[in-house]
$ cat run-v5.txt   # compact mmCIF, C-alpha atoms and all ligand atoms
# COMPACT_ATOMS: atom_id res chain seq x y z
CA MET A 1 -20.40 -19.34 -3.32
CA ASP A 2 -23.91 -18.89 -1.97
CA THR A 3 -23.70 -17.18 1.40
CA THR A 4 -27.24 -15.85 1.56
CA VAL A 5 -29.21 -16.58 4.68
CA THR A 6 -32.63 -18.07 4.10
CA PRO A 7 -34.18 -18.60 7.52
CA ALA A 8 -36.30 -21.74 7.51
CA PRO A 9 -39.20 -21.68 9.94
CA ALA A 10 -38.58 -23.89 12.98
CA PRO A 11 -40.76 -27.02 12.73
CA THR A 12 -43.87 -27.04 14.85
CA LEU A 13 -44.46 -29.69 17.48
CA SER A 14 -47.07 -31.43 15.35
CA ARG A 15 -44.38 -32.06 12.68
CA THR A 16 -41.81 -33.33 15.18
CA ARG A 17 -41.04 -36.98 14.48
CA ILE A 18 -38.85 -38.76 16.97
CA SER A 19 -37.30 -41.85 15.46
CA GLU A 20 -35.80 -44.90 17.09
CA ARG A 21 -32.40 -46.21 15.99
CA ARG A 22 -32.02 -49.96 16.04
CA ALA A 23 -28.54 -50.20 14.50
CA CYS A 24 -25.19 -48.52 15.09
CA ARG A 25 -24.94 -45.35 12.99
CA VAL A 26 -21.25 -46.00 12.25
CA CYS A 27 -20.88 -49.71 11.50
CA GLY A 28 -24.53 -50.65 10.97
CA ARG A 29 -24.51 -53.61 13.38
CA GLY A 30 -27.62 -54.29 15.44
CA ASN A 31 -26.15 -55.85 18.60
CA LEU A 32 -26.64 -52.83 20.89
CA LEU A 33 -26.44 -52.94 24.68
CA SER A 34 -28.74 -50.47 26.50
CA TYR A 35 -26.86 -49.45 29.65
CA LEU A 36 -28.29 -46.17 30.97
CA ASP A 37 -31.87 -44.93 30.98
CA LEU A 38 -32.41 -41.32 32.07
CA GLY A 39 -36.14 -41.48 31.38
CA VAL A 40 -38.19 -39.16 29.18
CA GLN A 41 -36.68 -35.67 29.25
CA PRO A 42 -37.23 -32.27 27.61
CA LEU A 43 -34.66 -30.92 25.15
CA ALA A 44 -31.76 -29.53 27.16
CA ASN A 45 -31.39 -26.21 25.30
CA ASP A 46 -35.09 -25.63 24.58
CA LEU A 47 -35.35 -22.68 26.95
CA ARG A 48 -38.89 -21.32 27.11
CA GLU A 49 -40.28 -17.84 27.67
CA PRO A 50 -41.88 -17.15 31.10
CA ASN A 51 -45.39 -17.64 29.66
CA GLU A 52 -44.63 -21.01 27.98
CA LEU A 53 -43.31 -23.26 30.67
CA ASN A 54 -44.18 -26.63 29.18
CA PRO A 55 -41.46 -28.26 27.09
CA ARG A 56 -42.22 -28.40 23.35
CA VAL A 57 -40.75 -31.88 22.98
CA CYS A 58 -39.91 -34.69 25.38
CA ALA A 59 -38.16 -37.87 24.31
CA PRO A 60 -36.49 -40.91 25.90
CA LEU A 61 -32.82 -40.66 26.86
CA VAL A 62 -31.41 -44.17 26.66
CA LEU A 63 -27.73 -44.82 26.04
CA GLN A 64 -26.63 -47.88 24.06
CA SER A 65 -23.25 -49.25 23.05
CA CYS A 66 -22.15 -51.07 19.92
CA ALA A 67 -19.97 -54.08 20.70
CA SER A 68 -18.35 -53.86 17.30
CA CYS A 69 -17.08 -50.31 16.77
CA LYS A 70 -17.53 -49.18 20.41
CA LEU A 71 -19.68 -46.17 19.59
CA SER A 72 -22.29 -45.33 22.20
CA GLN A 73 -25.46 -43.69 20.92
CA LEU A 74 -28.92 -42.62 22.03
CA SER A 75 -31.80 -44.91 21.22
CA HIS A 76 -34.02 -42.02 20.02
CA VAL A 77 -33.28 -39.25 17.54
CA VAL A 78 -34.93 -35.82 17.66
CA PRO A 79 -34.76 -34.20 14.19
CA LYS A 80 -31.89 -31.73 13.82
CA GLU A 81 -34.23 -29.03 12.51
CA VAL A 82 -36.04 -29.07 15.87
CA LEU A 83 -32.80 -28.84 17.84
CA TYR A 84 -30.81 -26.30 15.83
CA ALA A 85 -32.53 -24.67 12.85
CA GLY A 86 -34.48 -22.13 14.88
CA THR A 87 -32.69 -20.18 17.56
CA TYR A 88 -30.05 -21.95 19.63
CA ALA A 89 -29.28 -20.67 23.11
CA TYR A 90 -25.70 -21.96 23.52
CA SER A 91 -23.03 -19.37 22.72
CA SER A 92 -19.56 -20.90 23.17
CA GLY A 93 -17.71 -17.58 23.57
CA VAL A 94 -19.41 -16.80 26.90
CA SER A 95 -17.00 -19.19 28.65
CA ALA A 96 -13.48 -17.78 29.10
CA GLY A 97 -12.05 -21.31 29.14
CA TRP A 98 -13.33 -21.85 25.61
CA HIS A 99 -11.44 -18.77 24.38
CA ALA A 100 -8.25 -20.19 25.87
CA HIS A 101 -8.89 -23.53 24.16
CA CYS A 102 -9.50 -21.87 20.76
CA ASP A 103 -6.46 -19.56 21.15
CA ALA A 104 -4.25 -22.61 21.65
CA LEU A 105 -5.77 -24.44 18.67
CA ALA A 106 -5.35 -21.44 16.36
CA GLY A 107 -1.80 -20.89 17.63
CA GLU A 108 -0.90 -24.46 16.75
CA TYR A 109 -2.68 -24.84 13.41
CA ALA A 110 -3.04 -21.36 11.91
CA ARG A 111 0.08 -21.78 9.76
CA MET A 112 -1.51 -24.59 7.78
CA GLY A 113 -4.89 -22.89 7.71
CA ARG A 114 -4.82 -20.75 4.59
CA PHE A 115 -8.50 -21.58 4.00
CA VAL A 116 -10.26 -22.80 7.12
CA ILE A 117 -13.79 -24.16 7.34
CA ASP A 118 -15.41 -24.31 10.77
CA ILE A 119 -18.39 -26.67 10.87
CA ALA A 120 -21.01 -25.54 13.39
CA ALA A 121 -19.21 -22.24 13.86
CA ASN A 122 -21.68 -21.10 16.53
CA ASP A 123 -20.86 -17.51 17.58
CA GLY A 124 -17.62 -17.45 15.56
CA THR A 125 -15.28 -17.60 18.56
CA LEU A 126 -12.84 -20.02 16.88
CA LEU A 127 -12.94 -18.33 13.48
CA GLY A 128 -12.11 -14.99 15.11
CA LYS A 129 -8.87 -16.55 16.35
CA PHE A 130 -7.92 -17.85 12.87
CA THR A 131 -8.80 -14.53 11.23
CA ALA A 132 -6.42 -12.84 13.66
CA HIS A 133 -3.67 -15.13 12.26
CA GLY A 134 -4.53 -14.01 8.71
CA ALA A 135 -6.47 -17.11 7.60
CA LYS A 136 -9.36 -16.98 5.14
CA VAL A 137 -12.33 -18.48 6.96
CA LEU A 138 -15.78 -19.88 6.29
CA GLY A 139 -18.24 -20.79 9.03
CA VAL A 140 -21.06 -23.25 8.45
CA GLU A 141 -23.84 -22.76 10.96
CA PRO A 142 -27.56 -23.48 10.66
CA SER A 143 -28.85 -21.67 13.74
CA LEU A 144 -30.68 -18.39 13.31
CA SER A 145 -29.16 -17.11 16.56
CA PHE A 146 -25.90 -16.30 14.79
CA VAL A 147 -27.24 -14.87 11.52
CA GLY A 148 -25.92 -11.33 11.94
CA LEU A 149 -22.39 -12.23 12.99
CA ALA A 150 -19.36 -11.08 11.03
CA TYR A 151 -17.72 -14.31 9.88
CA GLN A 152 -18.44 -15.39 6.32
CA LYS A 153 -21.13 -17.96 6.71
CA LEU A 154 -23.15 -20.66 5.04
CA SER A 155 -26.39 -20.83 6.97
CA ALA A 156 -26.90 -24.56 6.67
CA PHE A 157 -26.12 -27.98 8.06
CA TRP A 158 -22.86 -29.55 6.85
CA THR A 159 -23.61 -32.19 4.23
CA ARG A 160 -21.90 -33.64 1.21
CA LYS A 161 -24.48 -31.84 -0.95
CA LEU A 162 -23.55 -28.51 0.63
CA VAL A 163 -19.91 -29.10 -0.31
CA GLU A 164 -20.84 -29.87 -3.90
CA SER A 165 -23.29 -27.02 -4.37
CA ASN A 166 -20.91 -24.40 -2.95
CA ASP A 167 -17.81 -25.30 -4.98
CA LEU A 168 -15.92 -26.44 -1.90
CA ILE A 169 -14.56 -29.67 -3.36
CA GLY A 170 -10.84 -30.11 -2.65
CA ARG A 171 -10.46 -26.54 -1.32
CA ALA A 172 -10.08 -26.64 2.46
CA ASP A 173 -6.59 -26.61 3.96
CA LEU A 174 -8.13 -27.11 7.36
CA ILE A 175 -11.58 -28.27 8.40
CA ILE A 176 -12.48 -27.97 12.05
CA ALA A 177 -15.52 -29.56 13.67
CA GLN A 178 -15.67 -29.00 17.42
CA ASN A 179 -18.46 -30.59 19.42
CA VAL A 180 -20.64 -31.27 16.41
CA LEU A 181 -19.97 -34.84 15.20
CA GLY A 182 -21.69 -36.14 18.32
CA HIS A 183 -24.78 -34.17 17.29
CA VAL A 184 -25.06 -35.66 13.79
CA ASP A 185 -27.34 -38.54 12.86
CA ASP A 186 -26.04 -39.23 9.34
CA VAL A 187 -22.34 -39.36 10.22
CA HIS A 188 -21.45 -40.97 6.89
CA ASP A 189 -22.79 -38.06 4.89
CA PHE A 190 -20.99 -35.66 7.27
CA MET A 191 -17.65 -37.47 6.88
CA GLU A 192 -18.01 -37.79 3.12
CA GLY A 193 -18.54 -34.01 3.01
CA ILE A 194 -15.23 -33.59 4.84
CA LYS A 195 -13.47 -36.02 2.54
CA GLN A 196 -14.74 -34.11 -0.50
CA ALA A 197 -13.93 -30.62 0.79
CA LEU A 198 -10.42 -31.40 2.01
CA ALA A 199 -7.51 -30.23 -0.20
CA PRO A 200 -5.01 -32.99 -1.13
CA ALA A 201 -2.66 -32.05 1.73
CA GLY A 202 -5.45 -30.77 3.99
CA ARG A 203 -6.23 -31.82 7.53
CA ALA A 204 -9.53 -32.21 9.37
CA ILE A 205 -9.64 -31.71 13.12
CA ILE A 206 -12.63 -33.21 14.87
CA GLU A 207 -13.13 -32.66 18.58
CA VAL A 208 -15.65 -34.70 20.52
CA PRO A 209 -16.32 -35.46 24.17
CA TYR A 210 -14.59 -38.81 24.82
CA LEU A 211 -16.61 -41.74 26.12
CA LEU A 212 -13.87 -42.92 28.51
CA SER A 213 -13.65 -39.40 29.99
CA LEU A 214 -17.41 -39.33 30.36
CA PHE A 215 -17.16 -42.59 32.30
CA ALA A 216 -14.19 -41.36 34.37
CA SER A 217 -15.97 -38.15 35.40
CA CYS A 218 -19.35 -39.90 35.68
CA ALA A 219 -20.75 -37.13 33.48
CA PHE A 220 -24.26 -38.56 33.08
CA ASP A 221 -25.53 -34.98 32.71
CA THR A 222 -23.79 -34.65 29.31
CA ILE A 223 -26.16 -37.30 27.96
CA TYR A 224 -28.98 -35.45 26.20
CA HIS A 225 -30.82 -35.38 22.90
CA GLU A 226 -28.29 -33.15 21.12
CA HIS A 227 -25.58 -35.70 21.83
CA LEU A 228 -26.61 -38.57 19.61
CA SER A 229 -23.19 -40.26 19.67
CA TYR A 230 -20.50 -40.73 22.36
CA TRP A 231 -17.25 -41.29 20.51
CA THR A 232 -14.32 -43.62 20.93
CA VAL A 233 -11.12 -43.81 18.89
CA THR A 234 -12.30 -47.18 17.54
CA ALA A 235 -15.54 -45.64 16.24
CA LEU A 236 -13.72 -42.62 14.74
CA LYS A 237 -11.30 -44.93 12.92
CA THR A 238 -14.16 -47.12 11.66
CA LEU A 239 -15.86 -43.99 10.28
CA ALA A 240 -12.65 -42.67 8.67
CA ASP A 241 -11.88 -46.04 7.08
CA ALA A 242 -15.33 -46.16 5.53
CA HIS A 243 -14.55 -42.90 3.68
CA GLY A 244 -10.97 -43.54 2.67
CA LEU A 245 -9.59 -41.10 5.24
CA VAL A 246 -6.73 -41.84 7.65
CA LEU A 247 -7.04 -41.14 11.36
CA THR A 248 -3.47 -39.89 11.75
CA ASP A 249 -3.45 -38.74 15.38
CA VAL A 250 -5.50 -38.43 18.55
CA GLN A 251 -4.99 -36.36 21.68
CA ARG A 252 -6.95 -36.29 24.90
CA LEU A 253 -8.08 -32.82 26.00
CA SER A 254 -9.43 -31.65 29.34
CA VAL A 255 -12.05 -29.35 27.82
CA HIS A 256 -15.77 -30.08 28.37
CA GLY A 257 -15.08 -32.69 31.03
CA GLY A 258 -12.68 -34.64 28.79
CA SER A 259 -12.56 -34.63 25.00
CA LEU A 260 -10.68 -36.15 22.08
CA ARG A 261 -9.03 -34.24 19.27
CA ALA A 262 -8.77 -36.47 16.20
CA ILE A 263 -6.80 -35.52 13.08
CA PHE A 264 -7.73 -36.89 9.66
CA ALA A 265 -5.96 -36.71 6.30
CA HIS A 266 -6.26 -38.26 2.84
CA GLU A 267 -2.99 -40.10 3.40
CA GLY A 268 -0.62 -40.82 6.27
CA THR A 269 0.35 -43.24 8.99
CA PRO A 270 -1.52 -43.44 12.30
CA SER A 271 0.58 -42.19 15.22
CA ALA A 272 1.55 -44.32 18.21
CA ALA A 273 -1.20 -42.56 20.19
CA VAL A 274 -3.84 -43.95 17.80
CA THR A 275 -2.51 -47.49 18.13
CA GLU A 276 -2.27 -47.23 21.91
CA MET A 277 -5.77 -45.88 22.37
CA LEU A 278 -7.26 -48.51 20.08
CA ALA A 279 -5.61 -51.19 22.24
CA LEU A 280 -6.79 -49.50 25.44
CA GLU A 281 -10.39 -49.43 24.20
CA GLN A 282 -10.18 -53.03 23.06
CA ARG A 283 -9.15 -53.95 26.59
CA ASP A 284 -11.40 -51.64 28.64
CA LEU A 285 -14.65 -51.19 26.75
CA LYS A 286 -16.48 -54.34 27.74
CA ARG A 287 -19.91 -55.00 29.23
CA PRO A 288 -18.75 -54.65 32.90
CA THR A 289 -17.39 -51.15 32.15
CA TYR A 290 -20.77 -50.02 30.83
CA MET A 291 -22.71 -51.57 33.70
CA SER A 292 -20.31 -50.12 36.27
CA PHE A 293 -20.75 -46.61 34.77
CA SER A 294 -24.50 -47.01 34.94
CA ALA A 295 -24.35 -48.03 38.63
CA ARG A 296 -21.97 -45.16 39.46
CA ALA A 297 -24.18 -42.65 37.64
CA THR A 298 -27.22 -43.79 39.63
CA ARG A 299 -25.31 -43.41 42.89
CA ALA A 300 -24.00 -39.99 41.83
CA MET A 301 -27.55 -38.77 41.12
CA ALA A 302 -28.60 -39.77 44.63
CA ALA A 303 -25.53 -38.17 46.25
CA ILE A 304 -26.00 -34.90 44.34
CA ASN A 305 -29.69 -34.89 45.20
CA ASP A 306 -28.91 -35.28 48.93
CA ALA A 307 -26.25 -32.56 48.86
CA LEU A 308 -28.56 -30.11 47.10
CA LEU A 309 -31.50 -30.92 49.40
CA SER A 310 -29.28 -29.93 52.32
CA ALA A 311 -28.35 -26.67 50.55
CA VAL A 312 -31.90 -25.41 49.88
CA PRO A 313 -32.45 -22.48 49.39
CA TYR A 314 -29.53 -22.05 47.00
CA ALA A 315 -28.80 -20.67 43.53
CA GLY A 316 -27.23 -22.42 40.55
CA PHE A 317 -24.53 -21.01 38.27
CA GLY A 318 -24.44 -21.94 34.57
CA ALA A 319 -27.69 -22.77 32.80
CA ALA A 320 -25.72 -25.23 30.69
CA ALA A 321 -27.44 -28.01 28.77
CA LYS A 322 -26.06 -30.34 31.46
CA CYS A 323 -27.91 -28.28 34.07
CA THR A 324 -31.21 -29.23 32.42
CA VAL A 325 -30.35 -32.93 32.55
CA LEU A 326 -29.19 -32.79 36.14
CA LEU A 327 -32.24 -30.88 37.34
CA ASN A 328 -34.53 -33.33 35.57
CA THR A 329 -32.98 -36.19 37.58
CA LEU A 330 -33.50 -34.37 40.92
CA ASP A 331 -36.27 -34.48 43.46
CA ILE A 332 -38.22 -31.24 42.88
CA ARG A 333 -37.51 -30.23 46.51
CA ALA A 334 -33.79 -30.15 45.70
CA TYR A 335 -34.22 -27.55 42.90
CA PRO A 336 -32.38 -24.23 43.07
CA ARG A 337 -34.31 -20.99 43.57
CA VAL A 338 -32.73 -19.56 40.40
CA VAL A 339 -29.89 -20.35 37.98
CA TYR A 340 -27.51 -17.54 37.01
CA ASP A 341 -26.06 -17.38 33.50
CA GLU A 342 -24.25 -14.63 31.59
CA THR A 343 -25.70 -15.58 28.20
CA PRO A 344 -28.20 -12.80 27.40
CA ASP A 345 -30.41 -15.15 25.33
CA LYS A 346 -30.85 -17.51 28.29
CA GLN A 347 -31.83 -14.85 30.80
CA GLY A 348 -35.55 -14.44 31.52
CA LYS A 349 -36.25 -18.04 30.50
CA HIS A 350 -36.60 -21.26 32.48
CA VAL A 351 -34.57 -24.44 32.76
CA PRO A 352 -36.52 -26.86 30.53
CA GLY A 353 -38.84 -29.24 32.36
CA THR A 354 -38.75 -27.11 35.52
CA ARG A 355 -40.10 -23.81 36.81
CA VAL A 356 -36.57 -22.64 37.75
CA PRO A 357 -35.88 -19.18 36.27
CA ILE A 358 -32.59 -18.20 34.60
CA GLU A 359 -31.30 -14.75 35.50
CA ALA A 360 -28.25 -12.55 34.98
CA PRO A 361 -25.76 -13.02 37.83
CA PRO A 362 -25.96 -10.53 40.73
CA THR A 363 -23.86 -7.40 40.32
CA ASP A 364 -22.77 -7.39 43.98
CA TRP A 365 -21.58 -10.87 44.93
CA SER A 366 -20.47 -9.74 48.39
CA ALA A 367 -24.14 -9.30 49.29
CA VAL A 368 -25.00 -12.90 48.30
CA HIS A 369 -25.02 -15.37 51.19
CA GLU A 370 -26.94 -18.40 49.93
CA PRO A 371 -24.92 -21.40 48.62
CA ILE A 372 -24.12 -21.62 44.92
CA ALA A 373 -24.17 -24.87 42.92
CA VAL A 374 -21.95 -24.77 39.83
CA PHE A 375 -23.97 -26.70 37.25
CA ALA A 376 -21.43 -25.84 34.52
CA TRP A 377 -18.97 -27.95 36.54
CA ASN A 378 -16.65 -28.38 33.54
CA TRP A 379 -15.75 -24.69 34.04
CA SER A 380 -15.79 -24.88 37.86
CA ASP A 381 -12.21 -23.59 38.34
CA VAL A 382 -12.92 -20.48 36.29
CA ILE A 383 -16.33 -19.91 37.87
CA ILE A 384 -15.15 -20.37 41.47
CA ARG A 385 -12.26 -17.95 40.88
CA LYS A 386 -14.64 -15.47 39.29
CA LEU A 387 -17.12 -15.60 42.20
CA ARG A 388 -14.39 -15.35 44.84
CA ASP A 389 -12.73 -12.43 43.00
CA ALA A 390 -16.13 -10.73 42.90
CA GLY A 391 -16.41 -10.97 46.70
CA TYR A 392 -18.64 -14.02 47.16
CA ALA A 393 -17.82 -15.65 50.51
CA GLY A 394 -20.54 -18.31 50.71
CA ASP A 395 -20.31 -22.05 50.09
CA ILE A 396 -19.93 -23.37 46.55
CA PHE A 397 -21.04 -26.86 45.52
CA VAL A 398 -19.62 -28.67 42.48
CA PRO A 399 -21.65 -31.80 41.58
CA LEU A 400 -19.20 -33.67 39.32
CA PRO A 401 -16.82 -35.46 38.74
CA LYS A 402 -17.23 -35.97 42.53
CA PRO A 403 -19.64 -33.93 44.64
CA ARG A 404 -17.54 -31.40 46.58
CA TRP A 405 -17.87 -28.14 48.52
CA ASP A 406 -15.59 -25.13 48.23
CA CYS A 407 -15.88 -23.18 51.50
CA ILE A 408 -13.89 -20.24 52.83
P1 LIG B 1 -21.13 -25.33 28.82
C1 LIG B 1 -22.72 -27.19 25.27
O1 LIG B 1 -23.05 -27.85 26.49
C2 LIG B 1 -23.78 -27.47 24.26
P2 LIG B 1 -23.27 -27.03 27.81
C3 LIG B 1 -23.39 -28.40 23.18
N1 LIG B 1 -24.45 -29.35 22.97
C4 LIG B 1 -22.18 -29.20 23.41
O2 LIG B 1 -21.94 -30.13 22.70
C5 LIG B 1 -21.30 -28.91 24.55
O3 LIG B 1 -21.42 -27.56 24.91
C6 LIG B 1 -19.87 -29.25 24.28
C7 LIG B 1 -22.50 -20.16 31.29
N2 LIG B 1 -21.31 -19.52 31.88
O4 LIG B 1 -20.03 -24.64 28.11
C8 LIG B 1 -22.45 -20.15 29.80
C9 LIG B 1 -21.43 -18.28 32.44
O5 LIG B 1 -22.52 -17.68 32.46
O6 LIG B 1 -20.73 -26.14 29.99
C10 LIG B 1 -23.22 -21.41 29.43
O7 LIG B 1 -24.61 -21.13 29.41
N3 LIG B 1 -20.30 -17.69 32.98
C11 LIG B 1 -23.17 -27.59 21.93
O8 LIG B 1 -24.42 -26.08 27.63
C12 LIG B 1 -22.93 -22.35 30.59
O9 LIG B 1 -22.54 -21.53 31.69
C13 LIG B 1 -19.09 -18.30 33.00
O10 LIG B 1 -18.11 -17.73 33.50
O11 LIG B 1 -23.35 -28.00 28.92
C14 LIG B 1 -21.78 -23.30 30.28
O12 LIG B 1 -22.17 -24.22 29.33
C15 LIG B 1 -18.99 -19.60 32.43
C16 LIG B 1 -17.67 -20.33 32.43
C17 LIG B 1 -20.11 -20.19 31.88
O13 LIG B 1 -21.88 -26.18 27.79
ZN ZN B 2 -20.85 -49.84 15.61

$ encode --input "run-v5.txt" --output "structure tokens"
Amino acid sequence: MDTTVTPAPAPTLSRTRISERRACRVCGRGNLLSYLDLGVQPLANDLREPNELNPRVCAPLVLQSCASCKLSQLSHVVPKEVLYAGTYAYSSGVSAGWHAHCDALAGEYARMGRFVIDIAANDGTLLGKFTAHGAKVLGVEPSLSFVGLAYQKLSAFWTRKLVESNDLIGRADLIIAQNVLGHVDDVHDFMEGIKQALAPAGRAIIEVPYLLSLFASCAFDTIYHEHLSYWTVTALKTLADAHGLVLTDVQRLSVHGGSLRAIFAHEGTPSAAVTEMLALEQRDLKRPTYMSFSARATRAMAAINDALLSAVPYAGFGAAAKCTVLLNTLDIRAYPRVVYDETPDKQGKHVPGTRVPIEAPPTDWSAVHEPIAVFAWNWSDVIIRKLRDAGYAGDIFVPLPKPRWDCI
């Protein structure tokens, strides 16, 4: 197996080609409904050094739905090499809630995970949990940010070719892909790679943010260039069917504002949950649902803008990708003074498309009196508890799912 790391230079702006998708990437149909336009935005995780404030790339953010397989997707595709092959600022293990999520997953599935492949292994948080249960693990991760980390790694994007050229065919007892399928343009090649690598009795676990949860929490700020697709059970089943895999089970998860865990196998019978969710989507995912989300998102932007304008001067917490999107929908006068984040690689940079600096959180929270807006609202419970435990007594604003204040 070739595990050598051959860093490819990140593409320069002049070589960046943004393409437009005119057909559904899952079922190929062309009858797409555009239902939300967030304008032209910078790349959400393209954090720049203090001396290079201008975004390297800006592209339209328009969300469209396929009437056939019920996938939603962005109209424009930024090449994956631009988004991930250089350094990548997001490190999943910084968030305590993510550790809890991965602990539970490893606790449930480690017994069947003799050989586990984690696609888009990021900082290795999940693989660390499986290793602790005695599993043999392989992480596949293209970003240069994680090159030196301990887990055994293929420094590459997951493709069918990668499976073939690394003797992975039929070997994986468990393949896990958390928060990556939504980032992939060629989903058929990705799924065929899984089909090929899976052992005869193996299972693949794919976790994705769920479109109906996105609608329910009005999470317009999770719509950005990395997230090319917004998945439904119908779309996941359509993709599995096309590759001779069976979608055997689905579960809704609360993580990341509402996600789906989908289980795939070579053979099996879909659970009652699969059948029920397919029926639910058939009933609920119609044109009025999309248009109503779009109207609610527009109202939420205005309400958040007003709340933040009234809080100025304030600081943000969590320079998440969703923070970039939210800030780029705001009136510049409603911007925070600073955004705090514990990820070392984010500190000293700026929120893309703005002049707002990202800094390490204060060491003495009892001395902080300005309001705090939790931009990483999906972790708001953990963050609020953390700030209160550290002695912060000021007002805390959480923008979504509904704008709210936590005051002592
Ligand atoms: P967080 C990421 O989105 C990126 P983001 C990606 N595109 C994806 O698909 C989704 O995840 C699922 C910081 N933080 O997790 C860490 C603290 O500093 O909401 C992060 O920078 N202290 C792959 O970026 C940010 O907040 C803390 O205690 O929207 C959270 O980012 C906590 C809890 C977080 O993901
Ligand atoms: Zn489709």

$ closest_residue --input "run-v5.txt" --among "A:Ser310, A:Thr324, A:Asn45, A:Ser95" --to "ligand LIG 1 (chain B)" --atoms "all atoms listed in the file"
A:Ser95

$ closest_residue --input "run-v5.txt" --among "A:Leu127, A:Leu236, A:Ala265, A:Ile372" --to "Gln196 of chain A" --atoms "all atoms listed in the file"
A:Ala265

$ residues_near_point --input "run-v5.txt" --point "(-8.5, -30.8, 1.0)" --cutoff "10 Å" --atoms "only C-alpha atoms" --output "list in words"
Phe115, Leu168, Ile169, Gly170, Arg171, Ala172, Asp173, Leu174, Ile175, Ile194, Lys195, Gln196, Ala197, Leu198, Ala199, Pro200, Ala201, Gly202, Arg203, Ala204, Ala265 and His266 of chain A

$ residues_near_ligand --input "run-v5.txt" --ligand "ligand LIG 1 (chain B)" --cutoff "6 Å" --atoms "only C-alpha atoms and all ligand atoms" --output "JSON, numbers by chain"
{"A": [90, 94, 95, 96, 179, 226, 256, 318, 319, 320, 321, 322, 341, 342, 343, 376, 378, 379, 383]}

$ residues_around --input "run-v5.txt" --residues "Ala393 of chain A" --least-positions-apart "4" --cutoff "12 Å" --atoms "all atoms listed in the file" --output "number ranges by chain"
A: 364-372, 384-389, 406-408

$ residues_around --input "run-v5.txt" --residues "Tyr230 of chain A" --least-positions-apart "6" --cutoff "10 Å" --atoms "only C-alpha atoms" --output "mmCIF file with C-alpha atoms, in the coordinates of the input"
data_model
loop_
_atom_site.group_PDB
_atom_site.id
_atom_site.type_symbol
_atom_site.label_atom_id
_atom_site.label_comp_id
_atom_site.auth_asym_id
_atom_site.auth_seq_id
_atom_site.Cartn_x
_atom_site.Cartn_y
_atom_site.Cartn_z
ATOM 1 C CA LEU A 63 -27.730 -44.820 26.040
ATOM 2 C CA GLN A 64 -26.630 -47.880 24.060
ATOM 3 C CA SER A 65 -23.250 -49.250 23.050
ATOM 4 C CA LYS A 70 -17.530 -49.180 20.410
ATOM 5 C CA LEU A 71 -19.680 -46.170 19.590
ATOM 6 C CA SER A 72 -22.290 -45.330 22.200
ATOM 7 C CA GLN A 73 -25.460 -43.690 20.920
ATOM 8 C CA LEU A 74 -28.920 -42.620 22.030
ATOM 9 C CA LEU A 181 -19.970 -34.840 15.200
ATOM 10 C CA GLY A 182 -21.690 -36.140 18.320
ATOM 11 C CA HIS A 183 -24.780 -34.170 17.290
ATOM 12 C CA VAL A 208 -15.650 -34.700 20.520
ATOM 13 C CA PRO A 209 -16.320 -35.460 24.170
ATOM 14 C CA TYR A 210 -14.590 -38.810 24.820
ATOM 15 C CA LEU A 211 -16.610 -41.740 26.120
ATOM 16 C CA LEU A 212 -13.870 -42.920 28.510
ATOM 17 C CA LEU A 214 -17.410 -39.330 30.360
ATOM 18 C CA THR A 222 -23.790 -34.650 29.310
ATOM 19 C CA ILE A 223 -26.160 -37.300 27.960
#

$ closest_atom_pairs --input "run-v5.txt" --of "chain A" --to "ligand ZN 2 (chain B)" --cutoff "9 Å" --atoms "all atoms listed in the file" --output "Markdown table"
| residue | atom | partner | partner_atom | distance |
| --- | --- | --- | --- | --- |
| A:Ala23 | CA | B:ZN2 | ZN | 7.8 |
| A:Cys24 | CA | B:ZN2 | ZN | 4.6 |
| A:Arg25 | CA | B:ZN2 | ZN | 6.6 |
| A:Val26 | CA | B:ZN2 | ZN | 5.1 |
| A:Cys27 | CA | B:ZN2 | ZN | 4.1 |
| A:Gly28 | CA | B:ZN2 | ZN | 6.0 |
| A:Arg29 | CA | B:ZN2 | ZN | 5.7 |
| A:Gly30 | CA | B:ZN2 | ZN | 8.1 |
| A:Asn31 | CA | B:ZN2 | ZN | 8.6 |
| A:Leu32 | CA | B:ZN2 | ZN | 8.4 |
| A:Ser65 | CA | B:ZN2 | ZN | 7.8 |
| A:Cys66 | CA | B:ZN2 | ZN | 4.7 |
| A:Ala67 | CA | B:ZN2 | ZN | 6.7 |
| A:Ser68 | CA | B:ZN2 | ZN | 5.0 |
| A:Cys69 | CA | B:ZN2 | ZN | 4.0 |
| A:Lys70 | CA | B:ZN2 | ZN | 5.9 |
| A:Leu71 | CA | B:ZN2 | ZN | 5.5 |
| A:Ser72 | CA | B:ZN2 | ZN | 8.1 |
| A:Ala235 | CA | B:ZN2 | ZN | 6.8 |
| A:Thr238 | CA | B:ZN2 | ZN | 8.2 |

$ atom_distance --input "run-v5.txt" --atom1 "atom CA of Val147 of chain A" --atom2 "atom CA of Asn122 of chain A"
9.7 Å
